[in-house]
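**Q** Quick one: the structure is below, and I'll ask about it shortly.
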Amino acid sequence: MSITSEQSTGPGSTRATTTALANTSGHGSPAADKIFSGISLVAGVLILVVLAAVAIFLVAMASDTFAADPTELTGGKGFASYIWPLVVGTLIAATIALLLATPVGIGVALFISHYAPAKFAKPVGYVIDLLAAIPSVIFGAWGASVLAPHVVPFYNWLGKYFGFLPIFEGPASQTGKTILTAGIVLAIMILPIITAMCREIFLQTPKLQEEAALGLGATRWEMIRMTVFPFARAGIISSVMLALGRALGETMAVTLVLAGGPFNPSLIQSGNQTVASEIALNFPEAYGIRMSELIAAGLVLFVITLLVNVLARFIVSRYNTGVE
Amino acid sequence: MSVVATRPSRLTSGQTPKWLVPVIALVAVILGAAIAALIGFSVGLWAIFAFLLFVIAGPIVIGMIEGSRKGKDAFARFLVYGSFLLALIPLVSVLYVVIAKGVPGLSGNLLLTSMNGVTGVHDNAAAKGTEPILGGIYHAIIGTLETTILATLISVPVGLLTAIYLVEYGRGGILSRAITFFVDVMTGIPSIVAGLFAASFFAWAFKDPSMRMGFVAAVALSVLMIPTVVRNAEEMLRIVPNELREASYALGVRKWRTITKVVIPTAISGIASGVTLAIARVIGETAPILVTAGFATAINWNAFSGWMATLPTYIYYQIMTPTSPTAAAVSETRAWAAALVLIVIVMLLNLIARVVAKIFAPKTGR
């Protein structure tokens with residue numbers, strides 16, 4: 001029997017209350033209480049077990065690679081020489097994404113929290129959340145078929161005038177499927193993460209401090225620099241770290257956008273590859289030692305993103321600003 | 001008094017007149033077009049130059065009239081508005097492209113047939129226009145629904161019970177702090193690593209290194225979904241007022257009955273909306289499906305045996321390995337139509353989540 005008294009509390013609910021009291025014996029024994037708390041405890045522990053299992057199974061399946069003869073692995077020079085260009089490629093793509101997304105993300109967050117008219121701010125927040133809802137494979141398809149052709153003239157221009165820099169060395173790729181394009185797509189994908197988190201923190205800046213700054217004659221920008229940014233510093237850093245974790249692990253956008261290859265310092269030529277994309281491209285056809293090798297690559301990615309995420313959480317807890 | 005209002009007062013002297021900023025914007029647009037034309041005209045270049053000119057010239061002019069502090073303020077303001085407009089471009093572009101390229105491929109045939117038996121011959125004929133475009137996404141929709149539903153069936157009980165443990169039982173203990181921390185860590189697991197985990201787990205459990213089926217994909221998706229469900233349910237359970245629990249205890253109701261009959265019904269709208277958002281997140285995942293469910297062109301209703309296609313992997317394979325390499329456009333048409341269907345599903349789920357949260361908002365009484 002269900003308790004009905006909760007719905008009918010208030011005057012005249014005496015009868016319902018008595019019913020509930022009379023039925024107490026029917027509402028479970030101490031044993032049922034123990035079972036329920038036991039089940040919820042098991043569910044909680046299960047999460048820890050799953051996380052441990054992720055690490056254990058990746059290590060177990062990858063161990064063949066570390067034990068194998070270096071000549072058996074792709075490239076024939078051992079795992080380290082196989083993985084480093086991939087890790088470097090991943091870091092390049094993630095760095096480009098962060099450099100582009102951080103200023104824009106903070107700008108959009110400021111727009112929502114301090115610039116946009118109040119009734120306009122909420123819909124704008126929804127719109128930016130929509131960006132987060134679009135599946136990554138669609139971003140990848142968009143990046144490959146729409147963005148890549150459009151950036152080619154820009155890459156040609158970069159190659160022509162900034163070609164003396166190793167990162168913009170020409171001739172630029174004429175398909176636009178380069179690591180820079182992949183980085184731009186990643187930037188679009190991590191932008192909502194930075195914006196959503198920064199927006200929450202910016203909104204929590206103590207109103208008194210903001211008003212005090214304005215009252216002393218500060219312009220809006222001076223007010224933001226003096227009150228909002230110092231308050232939100234830890235939050236901004238951790239939002240950027242979380243976005244970095246996402247950018248490192250993002251697969252589809254890179255797989256579809258990038259015409260991968262060996263390590264290439266020029267960002268506007270094809271080449272480079274990321275760990276996640278390498279796995280997605282090769283795992284479906286992999287077997288035996290190749291499969292183990294790709295799982296080992298996944299393990300490396302897991303460890304890197306784990307470190308980034310733990311660091312981000314640590315920063316948040318260290319400078320606890322009341323924001324989770 | 002009225003005299004003060006009609007002649008230029010000290011209050012407005014030294015301020016930028018209202019018409020100045022639009023005029024600067026207009027000049028920037030015209031000059032931007034001119035500079036863009038010098039290099040080789042395109043709308044993108046025009047927009048970039050016009051924006052740069054405006055952002056630089058505007059604050060300088062304002063700074064000269066009102067002082068450098070106001071100039072800097074205007075500079076920051078223009079940049080903030082600019083970054084918002086910049087963020088809108090990809091969103092609008094993605095939605096526009098998906099609709100523009102997806103609608104032509106959309107048909108009853110696409111929704112109700114699989115790719116079984118569709119070969120390059122058919123696509124070549126379709127490219128020449130002698131045959132309609134055959135093949136569709138029916139099998140992928142089935143795969144998407146089955147893997148997502150299975151993942152939801154695994155994640156929701158585990159996630160909800162964990163949240164109950166954290167809020168109702170664990171209250172600040174070492175274990176509950178550890179769970180909270182590792183749930184946060186789990187949020188950051190790259191989706192492809194979750195897929196690799198599920199693939200290696202089932203490879204080990206079935207002693208078959210290429211064990212692939214819909215259920216493996218569901219397990220991989222659960223790894224991604226559980227932390228989202230836990231975080232959301234935890235938040236929702238925490239906002240249930242303690243008075244409700246205490247009132248129930250005072251009536252002699254046991255704790256587990258209080259939780260199942262009082263706390264959860266109060267928070268159910270928030271939990272349901274959070275679960276819907278979590279589903280919307282995993283339904284678009286591609287990478288974990290790629291390594292766990294394989295890929296199929298035929299209808300497979302059984303998630304526990306055989307390879308399965310889902311909408312995201314369908315889109316991926318249609319683009320990467322077109323059915324007919326010489327008529328890739330036909331495959332792309334199908335891919336964009338599938339993308340449109342996927343985006344509509346995701347947007348609908350988001351909308352449902354918002355509506356559920358709004359209509360059945362928890363009645364906290366304050």
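We label chains A, B, ... in the order they appear in the structure tokens, count residues from 1 in each chain, and number ligands from 1 in the order shown.
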Using only C-alpha atoms, tabulate the residues of chain A lying at most 7 Å from any atom of chain B, each with its closest atom pair and that distance in Å to one decimal, by chain and increasing residue number, as JSON lines.
**A**
```
{"residue": "A:Ala20", "atom": "CA", "partner": "B:Leu251", "partner_atom": "CA", "distance": 6.8}
{"residue": "A:Leu21", "atom": "CA", "partner": "B:Leu251", "partner_atom": "CA", "distance": 5.8}
{"residue": "A:Thr24", "atom": "CA", "partner": "B:Val253", "partner_atom": "CA", "distance": 5.9}
{"residue": "A:His27", "atom": "CA", "partner": "B:Val253", "partner_atom": "CA", "distance": 6.5}
{"residue": "A:Gly28", "atom": "CA", "partner": "B:Arg254", "partner_atom": "CA", "distance": 6.7}
{"residue": "A:Asp33", "atom": "CA", "partner": "B:Trp256", "partner_atom": "CA", "distance": 5.5}
{"residue": "A:Phe36", "atom": "CA", "partner": "B:Trp256", "partner_atom": "CA", "distance": 6.2}
{"residue": "A:Ser40", "atom": "CA", "partner": "B:Leu161", "partner_atom": "CA", "distance": 4.7}
{"residue": "A:Leu41", "atom": "CA", "partner": "B:Tyr165", "partner_atom": "CA", "distance": 5.9}
{"residue": "A:Ala43", "atom": "CA", "partner": "B:Thr162", "partner_atom": "CA", "distance": 5.2}
{"residue": "A:Gly44", "atom": "CA", "partner": "B:Thr162", "partner_atom": "CA", "distance": 4.5}
{"residue": "A:Leu48", "atom": "CA", "partner": "B:Ile179", "partner_atom": "CA", "distance": 6.7}
{"residue": "A:Val54", "atom": "CA", "partner": "B:Phe197", "partner_atom": "CA", "distance": 5.4}
{"residue": "A:Phe57", "atom": "CA", "partner": "B:Ser200", "partner_atom": "CA", "distance": 6.2}
{"residue": "A:Leu58", "atom": "CA", "partner": "B:Phe197", "partner_atom": "CA", "distance": 6.2}
{"residue": "A:Met61", "atom": "CA", "partner": "B:Ser200", "partner_atom": "CA", "distance": 6.6}
{"residue": "A:Val104", "atom": "CA", "partner": "B:Ser83", "partner_atom": "CA", "distance": 5.1}
{"residue": "A:Gly107", "atom": "CA", "partner": "B:Val80", "partner_atom": "CA", "distance": 4.7}
{"residue": "A:Val108", "atom": "CA", "partner": "B:Phe84", "partner_atom": "CA", "distance": 4.9}
{"residue": "A:Leu110", "atom": "CA", "partner": "B:Val80", "partner_atom": "CA", "distance": 6.9}
{"residue": "A:Phe111", "atom": "CA", "partner": "B:Val80", "partner_atom": "CA", "distance": 5.8}
{"residue": "A:Leu131", "atom": "CA", "partner": "B:Leu91", "partner_atom": "CA", "distance": 6.0}
{"residue": "A:Ala133", "atom": "CA", "partner": "B:Arg281", "partner_atom": "CA", "distance": 6.8}
{"residue": "A:Ile134", "atom": "CA", "partner": "B:Ile343", "partner_atom": "CA", "distance": 6.6}
{"residue": "A:Pro135", "atom": "CA", "partner": "B:Gly284", "partner_atom": "CA", "distance": 4.7}
{"residue": "A:Val137", "atom": "CA", "partner": "B:Pro312", "partner_atom": "CA", "distance": 6.4}
{"residue": "A:Ile138", "atom": "CA", "partner": "B:Ala339", "partner_atom": "CA", "distance": 6.4}
{"residue": "A:Trp142", "atom": "CA", "partner": "B:Val94", "partner_atom": "CA", "distance": 6.4}
{"residue": "A:Thr219", "atom": "CA", "partner": "B:Asp73", "partner_atom": "CA", "distance": 6.3}
{"residue": "A:Arg220", "atom": "CA", "partner": "B:Asp73", "partner_atom": "CA", "distance": 6.5}
{"residue": "A:Trp221", "atom": "CA", "partner": "B:Asp73", "partner_atom": "CA", "distance": 5.1}
{"residue": "A:Gly245", "atom": "CA", "partner": "B:Gly188", "partner_atom": "CA", "distance": 6.3}
{"residue": "A:Arg246", "atom": "CA", "partner": "B:Gly188", "partner_atom": "CA", "distance": 6.8}
{"residue": "A:Gly249", "atom": "CA", "partner": "B:Pro190", "partner_atom": "CA", "distance": 4.5}
{"residue": "A:Glu250", "atom": "CA", "partner": "B:Pro190", "partner_atom": "CA", "distance": 6.7}
{"residue": "A:Thr251", "atom": "CA", "partner": "B:Ala287", "partner_atom": "CA", "distance": 6.4}
{"residue": "A:Met252", "atom": "CA", "partner": "B:Ala287", "partner_atom": "CA", "distance": 6.5}
{"residue": "A:Ala276", "atom": "CA", "partner": "B:Ile192", "partner_atom": "CA", "distance": 6.6}
{"residue": "A:Ala280", "atom": "CA", "partner": "B:Ala287", "partner_atom": "CA", "distance": 6.3}
{"residue": "A:Phe283", "atom": "CA", "partner": "B:Val291", "partner_atom": "CA", "distance": 6.2}
{"residue": "A:Pro284", "atom": "CA", "partner": "B:Val291", "partner_atom": "CA", "distance": 5.9}
{"residue": "A:Ile295", "atom": "CA", "partner": "B:Leu196", "partner_atom": "CA", "distance": 6.6}
{"residue": "A:Gly298", "atom": "CA", "partner": "B:Val193", "partner_atom": "CA", "distance": 5.7}
{"residue": "A:Phe302", "atom": "CA", "partner": "B:Val193", "partner_atom": "CA", "distance": 6.5}
{"residue": "A:Thr305", "atom": "CA", "partner": "B:Gly188", "partner_atom": "CA", "distance": 6.9}
{"residue": "A:Leu306", "atom": "CA", "partner": "B:Val185", "partner_atom": "CA", "distance": 6.8}
{"residue": "A:Asn309", "atom": "CA", "partner": "B:Val185", "partner_atom": "CA", "distance": 6.2}
{"residue": "A:Val310", "atom": "CA", "partner": "B:Val185", "partner_atom": "CA", "distance": 6.5}
```
**Q** Using only C-alpha atoms, determine which residues lie at most 10 Å from segment 100-114 of chain B, disregarding the query and same-chain residues fewer than 5 positions distant; provide the list as number ranges by chain.
**A** B: 94-95, 132-141, 296-299, 330-341
**Q** Deliver the residues from the most recent selection as a file, using N, CA, C and O atoms, as a short mmCIF file (atom, residue, chain, number, x, y, z; two decimals), in the first residue's frame.
**A**
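Written out: again.cif:
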```
data_model
loop_
_atom_site.label_atom_id
_atom_site.label_comp_id
_atom_site.auth_asym_id
_atom_site.auth_seq_id
_atom_site.Cartn_x
_atom_site.Cartn_y
_atom_site.Cartn_z
N VAL B 94 25.86 24.91 -39.25
CA VAL B 94 25.64 23.47 -39.13
C VAL B 94 24.16 23.16 -39.34
O VAL B 94 23.81 22.28 -40.14
N LEU B 95 23.30 23.89 -38.67
CA LEU B 95 21.87 23.61 -38.79
C LEU B 95 21.39 23.84 -40.22
O LEU B 95 20.66 23.02 -40.79
N PRO B 132 15.65 5.64 -58.81
CA PRO B 132 15.59 6.43 -57.57
C PRO B 132 16.70 5.96 -56.62
O PRO B 132 17.24 4.86 -56.79
N ILE B 133 17.02 6.80 -55.65
CA ILE B 133 18.04 6.41 -54.67
C ILE B 133 17.46 5.33 -53.78
O ILE B 133 16.44 5.52 -53.12
N LEU B 134 18.11 4.17 -53.80
CA LEU B 134 17.64 3.05 -52.97
C LEU B 134 18.38 3.05 -51.64
O LEU B 134 19.39 3.70 -51.46
N GLY B 135 17.88 2.25 -50.71
CA GLY B 135 18.59 2.07 -49.45
C GLY B 135 18.22 3.14 -48.46
O GLY B 135 17.88 4.26 -48.82
N GLY B 136 18.26 2.77 -47.17
CA GLY B 136 17.85 3.74 -46.17
C GLY B 136 18.45 3.46 -44.82
O GLY B 136 19.48 2.78 -44.69
N ILE B 137 17.79 3.97 -43.81
CA ILE B 137 18.36 3.99 -42.47
C ILE B 137 17.55 3.18 -41.48
O ILE B 137 17.77 3.26 -40.28
N TYR B 138 16.62 2.36 -41.99
CA TYR B 138 15.74 1.63 -41.08
C TYR B 138 16.54 0.80 -40.08
O TYR B 138 16.29 0.85 -38.87
N HIS B 139 17.53 0.04 -40.59
CA HIS B 139 18.34 -0.81 -39.70
C HIS B 139 19.11 0.02 -38.69
O HIS B 139 19.30 -0.38 -37.55
N ALA B 140 19.56 1.21 -39.12
CA ALA B 140 20.33 2.07 -38.21
C ALA B 140 19.44 2.64 -37.11
O ALA B 140 19.87 2.76 -35.95
N ILE B 141 18.19 2.97 -37.48
CA ILE B 141 17.28 3.50 -36.45
C ILE B 141 17.00 2.41 -35.41
O ILE B 141 17.04 2.67 -34.20
N ALA B 296 26.67 -2.94 -39.81
CA ALA B 296 25.85 -3.86 -40.58
C ALA B 296 25.07 -3.08 -41.63
O ALA B 296 24.81 -1.89 -41.45
N THR B 297 24.71 -3.75 -42.71
CA THR B 297 23.87 -3.11 -43.71
C THR B 297 22.46 -3.69 -43.67
O THR B 297 21.55 -3.13 -44.27
N ALA B 298 22.30 -4.81 -42.95
CA ALA B 298 20.99 -5.45 -42.90
C ALA B 298 20.34 -5.22 -41.54
O ALA B 298 21.01 -4.84 -40.58
N ILE B 299 19.04 -5.46 -41.49
CA ILE B 299 18.30 -5.28 -40.25
C ILE B 299 18.71 -6.37 -39.25
O ILE B 299 18.75 -7.55 -39.60
N VAL B 330 25.71 10.02 -53.94
CA VAL B 330 24.48 9.33 -53.54
C VAL B 330 24.57 8.92 -52.08
O VAL B 330 23.63 9.11 -51.29
N SER B 331 25.73 8.35 -51.71
CA SER B 331 25.92 7.97 -50.31
C SER B 331 25.86 9.19 -49.40
O SER B 331 25.32 9.13 -48.30
N GLU B 332 26.44 10.31 -49.91
CA GLU B 332 26.44 11.51 -49.09
C GLU B 332 25.02 12.03 -48.86
O GLU B 332 24.69 12.51 -47.78
N THR B 333 24.20 11.92 -49.90
CA THR B 333 22.80 12.34 -49.76
C THR B 333 22.15 11.56 -48.62
O THR B 333 21.47 12.13 -47.76
N ARG B 334 22.38 10.23 -48.62
CA ARG B 334 21.81 9.40 -47.54
C ARG B 334 22.39 9.80 -46.19
O ARG B 334 21.68 9.87 -45.19
N ALA B 335 23.70 10.09 -46.16
CA ALA B 335 24.34 10.45 -44.89
C ALA B 335 23.74 11.72 -44.32
O ALA B 335 23.44 11.80 -43.13
N TRP B 336 23.53 12.73 -45.19
CA TRP B 336 22.99 13.99 -44.68
C TRP B 336 21.55 13.83 -44.24
O TRP B 336 21.11 14.45 -43.26
N ALA B 337 20.78 12.98 -44.97
CA ALA B 337 19.41 12.74 -44.55
C ALA B 337 19.41 12.06 -43.17
O ALA B 337 18.62 12.42 -42.28
N ALA B 338 20.33 11.09 -42.97
CA ALA B 338 20.44 10.43 -41.67
C ALA B 338 20.85 11.44 -40.60
O ALA B 338 20.36 11.40 -39.47
N ALA B 339 21.75 12.37 -40.97
CA ALA B 339 22.18 13.40 -40.02
C ALA B 339 20.99 14.26 -39.60
O ALA B 339 20.85 14.61 -38.43
N LEU B 340 20.14 14.57 -40.58
CA LEU B 340 18.96 15.38 -40.27
C LEU B 340 18.05 14.63 -39.29
O LEU B 340 17.58 15.20 -38.30
N VAL B 341 17.83 13.33 -39.56
CA VAL B 341 16.99 12.53 -38.66
C VAL B 341 17.61 12.51 -37.26
O VAL B 341 16.91 12.72 -36.25
#
```
**Q** Could you tell me how far atom CA of Leu221 of chain B sits from atom CA of Asp129 of chain A, in Å to one decimal place?
**A** 21.2 Å
**Q** Can you tell me, as a JSON list (two decimals) with C-alpha atoms, in the first residue's frame, what residues are no more than 10 Å from segment 160-177 of chain A when counting only C-alpha atoms, ignoring any on the same chain fewer than 5 positions away?
**A**
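The result, stored in around.json:
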```
[["chain", "number", "residue", "atom", "x", "y", "z"],
["A", 143, "GLY", "CA", 33.84, 20.31, -40.93],
["A", 144, "ALA", "CA", 34.88, 18.05, -43.80],
["A", 145, "SER", "CA", 32.34, 19.18, -46.38],
["A", 147, "LEU", "CA", 34.41, 24.28, -43.34],
["A", 148, "ALA", "CA", 37.42, 22.63, -45.00],
["A", 149, "PRO", "CA", 36.81, 24.01, -48.53],
["A", 150, "HIS", "CA", 36.11, 27.47, -47.11],
["A", 151, "VAL", "CA", 39.37, 27.78, -45.20],
["A", 152, "VAL", "CA", 41.62, 26.88, -48.16],
["A", 153, "PRO", "CA", 42.02, 30.51, -49.39],
["A", 154, "PHE", "CA", 42.87, 31.55, -45.85],
["A", 155, "TYR", "CA", 45.49, 28.76, -45.61],
["A", 182, "ALA", "CA", 40.34, 19.76, -37.09],
["A", 254, "VAL", "CA", 39.08, 14.66, -36.20],
["A", 256, "LEU", "CA", 36.24, 12.92, -40.58],
["A", 257, "VAL", "CA", 38.00, 16.26, -40.95],
["A", 258, "LEU", "CA", 41.67, 15.34, -40.93],
["A", 259, "ALA", "CA", 43.50, 13.69, -43.81],
["A", 260, "GLY", "CA", 45.91, 12.04, -41.43],
["A", 264, "ASN", "CA", 54.12, 17.24, -39.79],
["A", 265, "PRO", "CA", 55.01, 20.51, -38.09],
["A", 266, "SER", "CA", 53.05, 22.54, -40.64],
["A", 267, "LEU", "CA", 49.48, 23.02, -39.50],
["A", 268, "ILE", "CA", 48.17, 23.91, -42.95],
["A", 269, "GLN", "CA", 49.35, 20.74, -44.70],
["A", 270, "SER", "CA", 47.77, 17.34, -44.39],
["A", 271, "GLY", "CA", 49.43, 14.99, -41.94]]
```
**Q** Excluding same-chain residues fewer than 5 positions from Gly120 of chain B, what lies within 12 Å of it counting only C-alpha atoms, as a PyMOL selection string?
**A** chain B and resi 115+125-127+133-135+321-331
**Q** Please return, as a PyMOL selection string, all residues of segment 118-281 of chain A that DSSP assigns to helix (DSSP H, G or I) on the basis of the backbone.
**A** chain A and resi 118-133+136-161+166-168+179-203+207-215+220-249+252-257+275-281
**Q** Can you list, as a list of chain:residue names, every protein, DNA or RNA residue that comes within 9 Å of Ile237 of chain A when you count only C-alpha atoms, leaving out same-chain residues fewer than 3 positions away?
**A**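 Here the qualifying residues turn out to be A:Ala232, A:Arg233, A:Ala234, A:Val240, A:Met241, A:Leu242, A:Ala312, A:Ile315, A:Val316.
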**Q** With N, CA, C and O atoms kept, could you save the residues just selected as a PDB file, in the first residue's frame?
**A**
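What follows is the written file part-v3.pdb:
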```pdb
ATOM      1  N   ALA A 232      36.509  34.582 -10.392  1.00  0.00           N
ATOM      2  CA  ALA A 232      36.232  33.406 -11.220  1.00  0.00           C
ATOM      3  C   ALA A 232      37.493  32.704 -11.707  1.00  0.00           C
ATOM      4  O   ALA A 232      37.395  31.735 -12.446  1.00  0.00           O
ATOM      5  N   ARG A 233      38.683  33.171 -11.274  1.00  0.00           N
ATOM      6  CA  ARG A 233      39.915  32.658 -11.881  1.00  0.00           C
ATOM      7  C   ARG A 233      39.990  31.135 -11.846  1.00  0.00           C
ATOM      8  O   ARG A 233      40.212  30.481 -12.865  1.00  0.00           O
ATOM      9  N   ALA A 234      39.784  30.551 -10.648  1.00  0.00           N
ATOM     10  CA  ALA A 234      39.891  29.087 -10.526  1.00  0.00           C
ATOM     11  C   ALA A 234      38.859  28.396 -11.396  1.00  0.00           C
ATOM     12  O   ALA A 234      39.149  27.389 -12.045  1.00  0.00           O
ATOM     13  N   VAL A 240      38.527  25.396 -18.495  1.00  0.00           N
ATOM     14  CA  VAL A 240      39.418  25.206 -19.640  1.00  0.00           C
ATOM     15  C   VAL A 240      40.045  23.808 -19.592  1.00  0.00           C
ATOM     16  O   VAL A 240      40.174  23.132 -20.622  1.00  0.00           O
ATOM     17  N   MET A 241      40.385  23.349 -18.372  1.00  0.00           N
ATOM     18  CA  MET A 241      40.971  22.009 -18.251  1.00  0.00           C
ATOM     19  C   MET A 241      39.962  20.932 -18.652  1.00  0.00           C
ATOM     20  O   MET A 241      40.310  19.963 -19.324  1.00  0.00           O
ATOM     21  N   LEU A 242      38.711  21.119 -18.224  1.00  0.00           N
ATOM     22  CA  LEU A 242      37.684  20.136 -18.601  1.00  0.00           C
ATOM     23  C   LEU A 242      37.487  20.119 -20.114  1.00  0.00           C
ATOM     24  O   LEU A 242      37.357  19.059 -20.732  1.00  0.00           O
ATOM     25  N   ALA A 312      42.006  19.299 -13.030  1.00  0.00           N
ATOM     26  CA  ALA A 312      40.923  20.284 -13.082  1.00  0.00           C
ATOM     27  C   ALA A 312      40.095  20.242 -11.803  1.00  0.00           C
ATOM     28  O   ALA A 312      39.800  21.268 -11.192  1.00  0.00           O
ATOM     29  N   ILE A 315      41.987  21.705  -8.884  1.00  0.00           N
ATOM     30  CA  ILE A 315      41.987  23.170  -8.862  1.00  0.00           C
ATOM     31  C   ILE A 315      40.672  23.686  -8.292  1.00  0.00           C
ATOM     32  O   ILE A 315      40.655  24.587  -7.460  1.00  0.00           O
ATOM     33  N   VAL A 316      39.563  23.065  -8.725  1.00  0.00           N
ATOM     34  CA  VAL A 316      38.257  23.511  -8.230  1.00  0.00           C
ATOM     35  C   VAL A 316      38.177  23.342  -6.723  1.00  0.00           C
ATOM     36  O   VAL A 316      37.762  24.250  -5.996  1.00  0.00           O
TER      37      VAL A 316
END
```
**Q** To one decimal in Å, tell me the separation between atom CA of Phe120 of chain A and atom CA of Arg225 of chain A.
**A**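 We find that atom CA of Phe120 of chain A and atom CA of Arg225 of chain A lie 23.3 Å from each other.
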**Q** Could you jot down the atom CA of Leu26 of chain B to atom CA of Ile65 of chain B separation for me, Å, one decimal place?
**A**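 So the two atoms, atom CA of Leu26 of chain B and atom CA of Ile65 of chain B, lie 19.2 Å apart.
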**Q** Determine the nearest neighbour of Glu222 of chain A from the options B:Ser68, B:Val27, B:Val275, B:Ala50, counting only C-alpha atoms.
**A**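 Among the listed residues, the smallest separation from Glu222 of chain A belongs to B:Ser68.
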**Q** Trp46 of chain B: which residues within 9 Å, counting only C-alpha atoms, same-chain residues fewer than 4 positions away excluded, as a count of residues only?
**A** 11
